[in-house]
>>> print(open('run36.txt').read())   # compact mmCIF, N, CA, C and O atoms
# COMPACT_ATOMS: atom_id res chain seq x y z
N MET A 196 46.94 97.69 21.70
CA MET A 196 47.22 97.23 20.37
C MET A 196 48.58 96.56 20.37
O MET A 196 49.55 97.12 20.86
N LYS A 197 48.65 95.37 19.83
CA LYS A 197 49.89 94.62 19.80
C LYS A 197 50.68 94.93 18.55
O LYS A 197 50.12 95.15 17.49
N LYS A 198 52.00 94.95 18.69
CA LYS A 198 52.87 95.15 17.54
C LYS A 198 53.15 93.80 16.92
O LYS A 198 53.36 92.82 17.61
N ARG A 199 53.15 93.76 15.61
CA ARG A 199 53.43 92.53 14.90
C ARG A 199 54.58 92.77 13.93
O ARG A 199 54.69 93.83 13.34
N GLN A 200 55.38 91.74 13.76
CA GLN A 200 56.50 91.84 12.85
C GLN A 200 56.42 90.67 11.89
O GLN A 200 56.20 89.53 12.29
N ALA A 201 56.57 90.94 10.62
CA ALA A 201 56.53 89.90 9.60
C ALA A 201 57.86 89.88 8.87
O ALA A 201 58.41 90.91 8.51
N VAL A 202 58.36 88.67 8.65
CA VAL A 202 59.59 88.49 7.90
C VAL A 202 59.23 87.72 6.64
O VAL A 202 58.65 86.64 6.71
N ILE A 203 59.57 88.27 5.51
CA ILE A 203 59.24 87.65 4.23
C ILE A 203 60.54 87.37 3.50
O ILE A 203 61.34 88.29 3.26
N LYS A 204 60.75 86.11 3.16
CA LYS A 204 61.93 85.72 2.39
C LYS A 204 61.50 85.51 0.96
O LYS A 204 60.55 84.79 0.69
N GLN A 205 62.20 86.13 0.04
CA GLN A 205 61.83 86.07 -1.36
C GLN A 205 62.86 85.26 -2.13
O GLN A 205 64.04 85.57 -2.12
N ARG A 206 62.40 84.20 -2.80
CA ARG A 206 63.31 83.37 -3.58
C ARG A 206 63.20 83.67 -5.06
O ARG A 206 64.17 83.66 -5.77
N LYS A 207 62.00 83.89 -5.54
CA LYS A 207 61.79 84.20 -6.95
C LYS A 207 60.99 85.49 -7.04
O LYS A 207 60.47 85.98 -6.05
N SER A 208 60.85 86.01 -8.21
CA SER A 208 60.13 87.26 -8.39
C SER A 208 58.62 87.07 -8.44
O SER A 208 57.90 87.89 -8.95
N SER A 209 58.11 85.95 -7.91
CA SER A 209 56.68 85.69 -7.92
C SER A 209 55.97 86.35 -6.73
O SER A 209 54.76 86.30 -6.63
N TYR A 210 56.72 86.96 -5.83
CA TYR A 210 56.15 87.64 -4.68
C TYR A 210 56.15 89.15 -4.92
O TYR A 210 57.11 89.70 -5.44
N THR A 211 55.11 89.80 -4.50
CA THR A 211 55.06 91.24 -4.52
C THR A 211 54.75 91.70 -3.10
O THR A 211 53.76 91.27 -2.51
N THR A 212 55.61 92.52 -2.53
CA THR A 212 55.39 92.99 -1.17
C THR A 212 55.31 94.50 -1.14
O THR A 212 55.95 95.18 -1.93
N SER A 213 54.53 94.99 -0.22
CA SER A 213 54.47 96.42 0.03
C SER A 213 54.17 96.62 1.50
O SER A 213 53.52 95.80 2.12
N SER A 214 54.67 97.69 2.05
CA SER A 214 54.41 97.97 3.45
C SER A 214 54.11 99.45 3.63
O SER A 214 54.58 100.29 2.87
N SER A 215 53.30 99.72 4.62
CA SER A 215 52.99 101.10 4.95
C SER A 215 52.91 101.22 6.46
O SER A 215 52.60 100.25 7.15
N SER A 216 53.23 102.39 6.98
CA SER A 216 53.14 102.57 8.42
C SER A 216 52.52 103.93 8.72
O SER A 216 52.76 104.90 8.01
N ASN A 217 51.72 103.94 9.74
CA ASN A 217 51.09 105.17 10.23
C ASN A 217 51.67 105.47 11.60
O ASN A 217 51.77 104.59 12.44
N VAL A 218 52.07 106.71 11.82
CA VAL A 218 52.65 107.12 13.10
C VAL A 218 51.71 108.12 13.75
O VAL A 218 51.26 109.08 13.11
N ARG A 219 51.39 107.87 15.02
CA ARG A 219 50.56 108.79 15.81
C ARG A 219 51.28 109.06 17.11
O ARG A 219 51.98 108.20 17.64
N TYR A 220 51.12 110.25 17.61
CA TYR A 220 51.68 110.61 18.92
C TYR A 220 50.50 110.81 19.86
O TYR A 220 49.66 111.66 19.63
N VAL A 221 50.45 110.00 20.90
CA VAL A 221 49.30 110.03 21.82
C VAL A 221 49.68 110.69 23.13
O VAL A 221 50.40 111.68 23.11
N GLU A 222 49.26 110.17 24.26
CA GLU A 222 49.34 110.90 25.53
C GLU A 222 50.74 111.39 25.89
O GLU A 222 51.74 110.73 25.63
N CYS A 223 50.75 112.57 26.51
CA CYS A 223 51.99 113.20 26.94
C CYS A 223 52.50 112.51 28.19
O CYS A 223 51.75 112.24 29.12
N GLN A 224 53.80 112.22 28.23
CA GLN A 224 54.39 111.52 29.36
C GLN A 224 55.40 112.38 30.11
O GLN A 224 56.17 111.87 30.91
N LYS A 225 55.40 113.69 29.88
CA LYS A 225 56.34 114.57 30.55
C LYS A 225 55.99 114.66 32.03
O LYS A 225 54.86 114.93 32.41
N ASN A 226 57.00 114.45 32.87
CA ASN A 226 56.84 114.54 34.32
C ASN A 226 57.10 115.99 34.73
O ASN A 226 58.24 116.43 34.79
N HIS A 227 56.05 116.73 35.02
CA HIS A 227 56.18 118.15 35.36
C HIS A 227 56.67 118.38 36.79
O HIS A 227 57.03 119.49 37.14
N ALA A 228 56.67 117.34 37.61
CA ALA A 228 57.10 117.49 39.00
C ALA A 228 58.45 116.81 39.27
O ALA A 228 58.81 116.57 40.42
N ALA A 229 59.20 116.51 38.23
CA ALA A 229 60.48 115.81 38.40
C ALA A 229 61.49 116.63 39.20
O ALA A 229 62.26 116.07 39.98
N ASN A 230 61.46 117.94 39.05
CA ASN A 230 62.45 118.78 39.75
C ASN A 230 62.23 118.81 41.26
O ASN A 230 63.13 119.18 42.00
N ILE A 231 61.06 118.42 41.75
CA ILE A 231 60.83 118.37 43.20
C ILE A 231 60.70 116.94 43.70
O ILE A 231 60.30 116.69 44.83
N GLY A 232 61.04 115.96 42.83
CA GLY A 232 61.04 114.56 43.23
C GLY A 232 59.69 113.88 43.16
O GLY A 232 59.51 112.80 43.70
N GLY A 233 58.74 114.49 42.50
CA GLY A 233 57.41 113.90 42.40
C GLY A 233 57.11 113.40 41.00
O GLY A 233 57.99 113.31 40.15
N TYR A 234 55.85 113.06 40.79
CA TYR A 234 55.41 112.60 39.49
C TYR A 234 54.06 113.22 39.19
O TYR A 234 53.09 113.01 39.94
N ALA A 235 53.97 113.99 38.13
CA ALA A 235 52.71 114.61 37.73
C ALA A 235 52.72 114.83 36.22
O ALA A 235 53.64 115.43 35.69
N VAL A 236 51.70 114.31 35.56
CA VAL A 236 51.55 114.54 34.12
C VAL A 236 50.38 115.48 33.92
O VAL A 236 49.52 115.63 34.79
N ASP A 237 50.34 116.14 32.77
CA ASP A 237 49.32 117.17 32.56
C ASP A 237 48.00 116.66 32.01
O ASP A 237 47.02 117.38 31.95
N GLY A 238 47.94 115.40 31.57
CA GLY A 238 46.68 114.85 31.09
C GLY A 238 46.42 115.04 29.62
O GLY A 238 45.35 114.70 29.13
N CYS A 239 47.38 115.59 28.87
CA CYS A 239 47.21 115.76 27.44
C CYS A 239 47.11 114.39 26.79
O CYS A 239 47.95 113.53 27.00
N ARG A 240 46.06 114.14 26.03
CA ARG A 240 45.79 112.82 25.48
C ARG A 240 46.31 112.59 24.06
O ARG A 240 46.45 111.46 23.65
N GLU A 241 46.55 113.65 23.29
CA GLU A 241 47.02 113.47 21.93
C GLU A 241 47.77 114.71 21.46
O GLU A 241 47.39 115.82 21.77
N PHE A 242 48.84 114.48 20.71
CA PHE A 242 49.66 115.57 20.19
C PHE A 242 48.92 116.30 19.08
O PHE A 242 48.38 115.68 18.16
N MET A 243 48.87 117.62 19.19
CA MET A 243 48.31 118.48 18.13
C MET A 243 49.36 119.54 17.83
O MET A 243 49.74 120.31 18.71
N ALA A 244 49.84 119.57 16.60
CA ALA A 244 50.90 120.50 16.22
C ALA A 244 50.43 121.95 16.33
O ALA A 244 49.30 122.27 15.96
N SER A 245 51.30 122.81 16.85
CA SER A 245 50.98 124.24 16.99
C SER A 245 51.09 124.98 15.68
O SER A 245 50.45 126.01 15.49
N GLY A 246 51.94 124.49 14.78
CA GLY A 246 52.17 125.19 13.51
C GLY A 246 52.11 124.25 12.34
O GLY A 246 51.87 123.06 12.47
N GLY A 247 52.36 124.80 11.16
CA GLY A 247 52.32 124.04 9.92
C GLY A 247 53.53 123.14 9.76
O GLY A 247 54.55 123.29 10.43
N GLU A 248 53.41 122.20 8.86
CA GLU A 248 54.47 121.25 8.56
C GLU A 248 55.74 121.98 8.11
O GLU A 248 55.68 122.90 7.31
N GLY A 249 56.88 121.60 8.68
CA GLY A 249 58.14 122.20 8.30
C GLY A 249 58.56 123.38 9.16
O GLY A 249 59.65 123.90 9.01
N THR A 250 57.72 123.83 10.08
CA THR A 250 58.08 124.94 10.96
C THR A 250 58.50 124.39 12.32
O THR A 250 58.26 123.22 12.63
N ASP A 251 59.12 125.23 13.14
CA ASP A 251 59.51 124.81 14.48
C ASP A 251 58.28 124.52 15.35
O ASP A 251 58.32 123.66 16.22
N ASP A 252 57.20 125.23 15.11
CA ASP A 252 55.97 125.02 15.89
C ASP A 252 55.31 123.68 15.58
O ASP A 252 54.46 123.23 16.34
N ALA A 253 55.69 123.02 14.49
CA ALA A 253 55.11 121.72 14.16
C ALA A 253 55.53 120.66 15.16
O ALA A 253 54.89 119.62 15.26
N LEU A 254 56.59 120.90 15.93
CA LEU A 254 57.06 119.94 16.93
C LEU A 254 56.60 120.27 18.34
O LEU A 254 56.97 119.59 19.28
N THR A 255 55.80 121.32 18.51
CA THR A 255 55.28 121.72 19.81
C THR A 255 53.78 121.45 19.86
O THR A 255 53.05 121.79 18.95
N CYS A 256 53.33 120.84 20.95
CA CYS A 256 51.92 120.50 21.11
C CYS A 256 51.12 121.75 21.45
O CYS A 256 51.49 122.52 22.35
N ALA A 257 50.01 121.95 20.75
CA ALA A 257 49.15 123.11 21.00
C ALA A 257 48.40 122.98 22.33
O ALA A 257 48.07 123.97 22.96
N ALA A 258 48.16 121.76 22.79
CA ALA A 258 47.40 121.54 24.01
C ALA A 258 48.23 121.71 25.28
O ALA A 258 47.79 122.33 26.24
N CYS A 259 49.47 121.16 25.28
CA CYS A 259 50.25 121.18 26.53
C CYS A 259 51.59 121.92 26.41
O CYS A 259 52.32 122.01 27.39
N CYS A 260 51.92 122.42 25.22
CA CYS A 260 53.16 123.17 24.97
C CYS A 260 54.43 122.35 25.17
O CYS A 260 55.51 122.91 25.36
N CYS A 261 54.33 121.03 25.12
CA CYS A 261 55.50 120.16 25.24
C CYS A 261 55.99 119.78 23.84
O CYS A 261 55.25 119.84 22.87
N HIS A 262 57.26 119.38 23.76
CA HIS A 262 57.82 118.90 22.50
C HIS A 262 57.18 117.55 22.14
O HIS A 262 56.75 116.80 23.01
N ARG A 263 57.13 117.26 20.87
CA ARG A 263 56.51 116.02 20.39
C ARG A 263 57.16 114.77 20.98
O ARG A 263 56.50 113.74 21.17
N ASN A 264 58.46 114.83 21.33
CA ASN A 264 59.16 113.67 21.89
C ASN A 264 58.60 113.23 23.24
O ASN A 264 58.82 112.10 23.65
N PHE A 265 57.90 114.11 23.96
CA PHE A 265 57.31 113.73 25.25
C PHE A 265 56.04 112.90 25.07
O PHE A 265 55.56 112.29 26.01
N HIS A 266 55.49 112.88 23.88
CA HIS A 266 54.27 112.12 23.61
C HIS A 266 54.63 110.71 23.17
O HIS A 266 55.55 110.51 22.39
N ARG A 267 53.87 109.73 23.67
CA ARG A 267 54.12 108.33 23.34
C ARG A 267 53.82 108.10 21.86
O ARG A 267 52.79 108.50 21.35
N LYS A 268 54.75 107.43 21.19
CA LYS A 268 54.65 107.20 19.76
C LYS A 268 54.00 105.84 19.50
O LYS A 268 54.42 104.83 20.05
N GLU A 269 52.97 105.82 18.66
CA GLU A 269 52.32 104.59 18.23
C GLU A 269 52.59 104.41 16.75
O GLU A 269 52.31 105.29 15.96
N VAL A 270 53.13 103.26 16.40
CA VAL A 270 53.41 102.96 15.00
C VAL A 270 52.56 101.77 14.60
O VAL A 270 52.62 100.71 15.22
N GLU A 271 51.76 101.95 13.57
CA GLU A 271 50.95 100.87 13.04
C GLU A 271 51.50 100.52 11.66
O GLU A 271 51.52 101.36 10.77
N THR A 272 51.97 99.29 11.51
CA THR A 272 52.59 98.87 10.27
C THR A 272 51.77 97.77 9.62
O THR A 272 51.31 96.86 10.29
N GLU A 273 51.61 97.88 8.33
CA GLU A 273 50.87 96.87 7.57
C GLU A 273 51.75 96.36 6.45
O GLU A 273 52.31 97.14 5.67
N VAL A 274 51.90 95.04 6.37
CA VAL A 274 52.68 94.42 5.32
C VAL A 274 51.74 93.57 4.47
O VAL A 274 51.01 92.74 5.00
N VAL A 275 51.76 93.80 3.19
CA VAL A 275 50.90 93.06 2.27
C VAL A 275 51.78 92.24 1.35
O VAL A 275 52.73 92.76 0.77
N CYS A 276 51.48 90.97 1.25
CA CYS A 276 52.25 90.07 0.39
C CYS A 276 51.29 89.40 -0.57
O CYS A 276 50.34 88.76 -0.16
N GLU A 277 51.58 89.52 -1.85
CA GLU A 277 50.77 88.86 -2.88
C GLU A 277 51.62 87.83 -3.57
O GLU A 277 52.77 88.08 -3.94
N TYR A 278 51.06 86.66 -3.77
CA TYR A 278 51.79 85.56 -4.39
C TYR A 278 51.13 85.20 -5.71
O TYR A 278 49.93 85.03 -5.79
N SER A 279 51.93 85.11 -6.74
CA SER A 279 51.44 84.61 -8.02
C SER A 279 52.33 83.45 -8.42
O SER A 279 53.56 83.57 -8.45
N PRO A 280 51.74 82.29 -8.68
CA PRO A 280 52.55 81.10 -8.99
C PRO A 280 53.41 81.32 -10.23
O PRO A 280 53.00 81.99 -11.16
N PRO A 281 54.64 80.75 -10.22
CA PRO A 281 55.52 80.91 -11.38
C PRO A 281 54.91 80.23 -12.61
O PRO A 281 54.26 79.21 -12.51
N SER A 282 55.16 80.80 -13.77
CA SER A 282 54.61 80.21 -15.00
C SER A 282 55.54 79.20 -15.60
O SER A 282 56.69 79.25 -15.56
>>> encode(input="run36.txt", output="structure tokens")
Amino acid sequence: MKKRQAVIKQRKSSYTTSSSSNVRYVECQKNHAANIGGYAVDGCREFMASGGEGTDDALTCAACCCHRNFHRKEVETEVVCEYSPPS
């Protein structure tokens, strides 16, 4: 999936813009063999929180027990621009 960036310049109040973004944490990239000079990942494909929102366990993956920062972050952003001609 390609990332896209939109720049909108507004001159008059005839433009209405809104944006939303969805964040997902996918495969784990923690190198479990780094201390012996190797490379080995555990194969975890998607972050699943161990606990509820707002707890310390919400940042730990239930599948691989790694912190959420080890999982690759995917951000999907959508920008919507509506134009209405000036009266």
>>> atom_distance(input="run36.txt", atom1="atom C of Glu222 in chain A", atom2="CA of Val274 in chain A")
26.7 Å
>>> atom_distance(input="run36.txt", atom1="atom N of Phe242 in chain A", atom2="atom N of Tyr220 in chain A")
5.7 Å
>>> atom_distance(input="run36.txt", atom1="CA of Thr272 in chain A", atom2="atom N of Thr250 in chain A")
25.5 Å
>>> closest_residue(input="run36.txt", among="A:Met243, A:Cys256, A:Ile231, A:Val218", to="Glu271 in chain A", atoms="only N, CA, C and O atoms")
A:Val218
>>> residues_around(input="run36.txt", residues="Ala235 in chain A", least_positions_apart="4", cutoff="7 Å", atoms="only N, CA, C and O atoms", output="tab-separated table (two decimals) with N, CA, C and O atoms, keeping the file's coordinate frame")
chain	number	residue	atom	x	y	z
A	224	GLN	N	53.80	112.22	28.23
A	224	GLN	CA	54.39	111.52	29.36
A	224	GLN	C	55.40	112.38	30.11
A	224	GLN	O	56.17	111.87	30.91
A	225	LYS	N	55.40	113.69	29.88
A	225	LYS	CA	56.34	114.57	30.55
A	225	LYS	C	55.99	114.66	32.03
A	225	LYS	O	54.86	114.93	32.41
A	226	ASN	N	57.00	114.45	32.87
A	226	ASN	CA	56.84	114.54	34.32
A	226	ASN	C	57.10	115.99	34.73
A	226	ASN	O	58.24	116.43	34.79
A	227	HIS	N	56.05	116.73	35.02
A	227	HIS	CA	56.18	118.15	35.36
A	227	HIS	C	56.67	118.38	36.79
A	227	HIS	O	57.03	119.49	37.14
A	228	ALA	N	56.67	117.34	37.61
A	228	ALA	CA	57.10	117.49	39.00
A	228	ALA	C	58.45	116.81	39.27
A	228	ALA	O	58.81	116.57	40.42
A	229	ALA	N	59.20	116.51	38.23
A	229	ALA	CA	60.48	115.81	38.40
A	229	ALA	C	61.49	116.63	39.20
A	229	ALA	O	62.26	116.07	39.98
>>> axis_aligned_box(input="run36.txt", around="range 231-237 of chain A", padding_each_side="5 Å", output="AutoDock Vina command-line options")
--center_x 54.0 --center_y 115.5 --center_z 38.4 --size_x 24.0 --size_y 15.8 --size_z 22.9
>>> closest_residue(input="run36.txt", among="A:Ser213, A:Ala244, A:Gly233, A:Cys223", to="Asn264 in chain A", atoms="only N, CA, C and O atoms")
A:Cys223
